[in-house]
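Notes follow once the structure below has been shown.
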Amino acid sequence: MYKLTTRSKKAEKQFIEVLNDRNNIKEKIDKLKLDPRRELDAHKLKGKLEGKWSCWLGTDIRMVYEIDDVNKEVVILAVGSHKIYLKL
C-alpha cells in the first residue's frame with residue numbers, strides 16, 4: 001500500500017480542503033493507495049506534465065500526482081478542477 005504525501009503547502013491545503021468538503025473522498029483515496037496506476041480512472045499525463053499522473057476524485061475534482069515506487073508514496077502536486085492542469 002502506498003502512502004500519500006505532499007511536497008508543498010499549496011498542494012497540502014488544496015487536498016485538505018477537498019477532503020473536508022466532499023463526503024466520499026476518503027474512500028476514493030483509500031482505493032488510490034492500493035493501486036495508484038489503476039484506480040479512479042488514473043492515467044499518465046502528456047506534454048509538459050509528462051511523468052505525472054491524474055485521477056478523478058469527483059464530478060469536477062482532479063488530483064495530479066507523482067508515484068514514487070521506491071518509497072511507496074503518492075506525491076500530491078495539485079487538487080482541483082480541470083484548471084489545475086494550467087497552473088502546473
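Chain labels run A, B, ... following the order of the C-alpha cells; each chain numbers its residues from 1, and ligands are numbered from 1 in the order shown.
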For this session: From a DSSP pass on the backbone, collect the residues of stretch 34-87 of chain A flagged as alpha helix (DSSP H) and hand them back as a count of residues only.
Result: 5
Exercise. Could you name the residues that touch A:Leu32 at 12 Å or less, counting only C-alpha atoms, but leaving out those on the same chain fewer than 6 positions away, as a ChimeraX atom specification?
Worked result: /A:1-4,25-26,38-42,53-57,63,65,67,73-76
Problem set entry | DSSP-assigned strand (DSSP E or B) among stretch 11-62 of chain A, expressed as a list in words |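 Taking stretch 11-62 of chain A and keeping strand (DSSP E or B) gives His43, Lys44, Trp53, Ser54, Cys55, Trp56, Leu57, Gly58, Ile61 and Arg62 of chain A.
Picture a line from atom CA of A:His82 to atom CA of A:Glu50; it runs 16.3 Å.
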For this session: List the neighbours of stretch 9-12 of chain A out to 8 Å using only C-alpha atoms; skip same-chain residues closer than 2 positions along the sequence, and give me the result as a PyMOL selection string.
Result: chain A and resi 6-7+14-16+76-79
Mind writing the picked residues with N, CA and C atoms as a PDB file, in the first residue's frame?
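See result-v8.pdb below for the written result:
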ATOM      1  N   THR A   6       2.704  15.245   0.354  1.00  0.00           N
ATOM      2  CA  THR A   6       2.800  16.432  -0.495  1.00  0.00           C
ATOM      3  C   THR A   6       4.194  17.012  -0.292  1.00  0.00           C
ATOM      4  N   ARG A   7       4.600  17.826  -1.228  1.00  0.00           N
ATOM      5  CA  ARG A   7       5.904  18.483  -1.082  1.00  0.00           C
ATOM      6  C   ARG A   7       5.758  19.997  -1.104  1.00  0.00           C
ATOM      7  N   GLN A  14      -4.833  22.442  -0.729  1.00  0.00           N
ATOM      8  CA  GLN A  14      -5.855  22.039  -1.707  1.00  0.00           C
ATOM      9  C   GLN A  14      -6.440  20.679  -1.342  1.00  0.00           C
ATOM     10  N   PHE A  15      -5.576  19.744  -0.998  1.00  0.00           N
ATOM     11  CA  PHE A  15      -6.021  18.393  -0.674  1.00  0.00           C
ATOM     12  C   PHE A  15      -6.908  18.389   0.571  1.00  0.00           C
ATOM     13  N   ILE A  16      -6.491  19.079   1.612  1.00  0.00           N
ATOM     14  CA  ILE A  16      -7.268  19.122   2.855  1.00  0.00           C
ATOM     15  C   ILE A  16      -8.631  19.762   2.625  1.00  0.00           C
ATOM     16  N   ILE A  76       1.261  14.175  -3.936  1.00  0.00           N
ATOM     17  CA  ILE A  76       0.210  15.046  -4.468  1.00  0.00           C
ATOM     18  C   ILE A  76       0.822  16.376  -4.879  1.00  0.00           C
ATOM     19  N   LEU A  77       0.554  16.767  -6.140  1.00  0.00           N
ATOM     20  CA  LEU A  77       1.070  18.028  -6.656  1.00  0.00           C
ATOM     21  C   LEU A  77      -0.006  19.109  -6.703  1.00  0.00           C
ATOM     22  N   ALA A  78      -1.252  18.716  -6.997  1.00  0.00           N
ATOM     23  CA  ALA A  78      -2.347  19.683  -7.076  1.00  0.00           C
ATOM     24  C   ALA A  78      -3.679  18.945  -7.028  1.00  0.00           C
ATOM     25  N   VAL A  79      -4.689  19.620  -6.481  1.00  0.00           N
ATOM     26  CA  VAL A  79      -6.048  19.086  -6.415  1.00  0.00           C
ATOM     27  C   VAL A  79      -6.995  20.227  -6.770  1.00  0.00           C
TER      28      VAL A  79
END
Exercise. Which value, in Å to one decimal, gives the distance between atom CA of A:Leu45 and atom CA of A:Val64?
Worked result: 8.9 Å
For this session: Please indicate the distance in Å from atom CA of A:Glu66 to atom CA of A:Lys52, rounded to one decimal place.
Result: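 Atom CA of A:Glu66 sits 5.0 Å away from atom CA of A:Lys52.
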For this session: Using only C-alpha atoms, pick whichever of A:Lys83, A:Arg37, A:Lys44, A:Arg62 has the shortest atom-to-atom distance to A:Val18.
Result: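 Smallest distance to A:Val18 is found for A:Arg62.
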Problem set entry | Which of A:Gly80, A:Gly58, A:Thr5, A:Asp68 sits closest to A:Arg22 [using only C-alpha atoms] |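 Going through A:Gly80, A:Gly58, A:Thr5, A:Asp68 one by one, the smallest distance to A:Arg22 is for A:Gly58.
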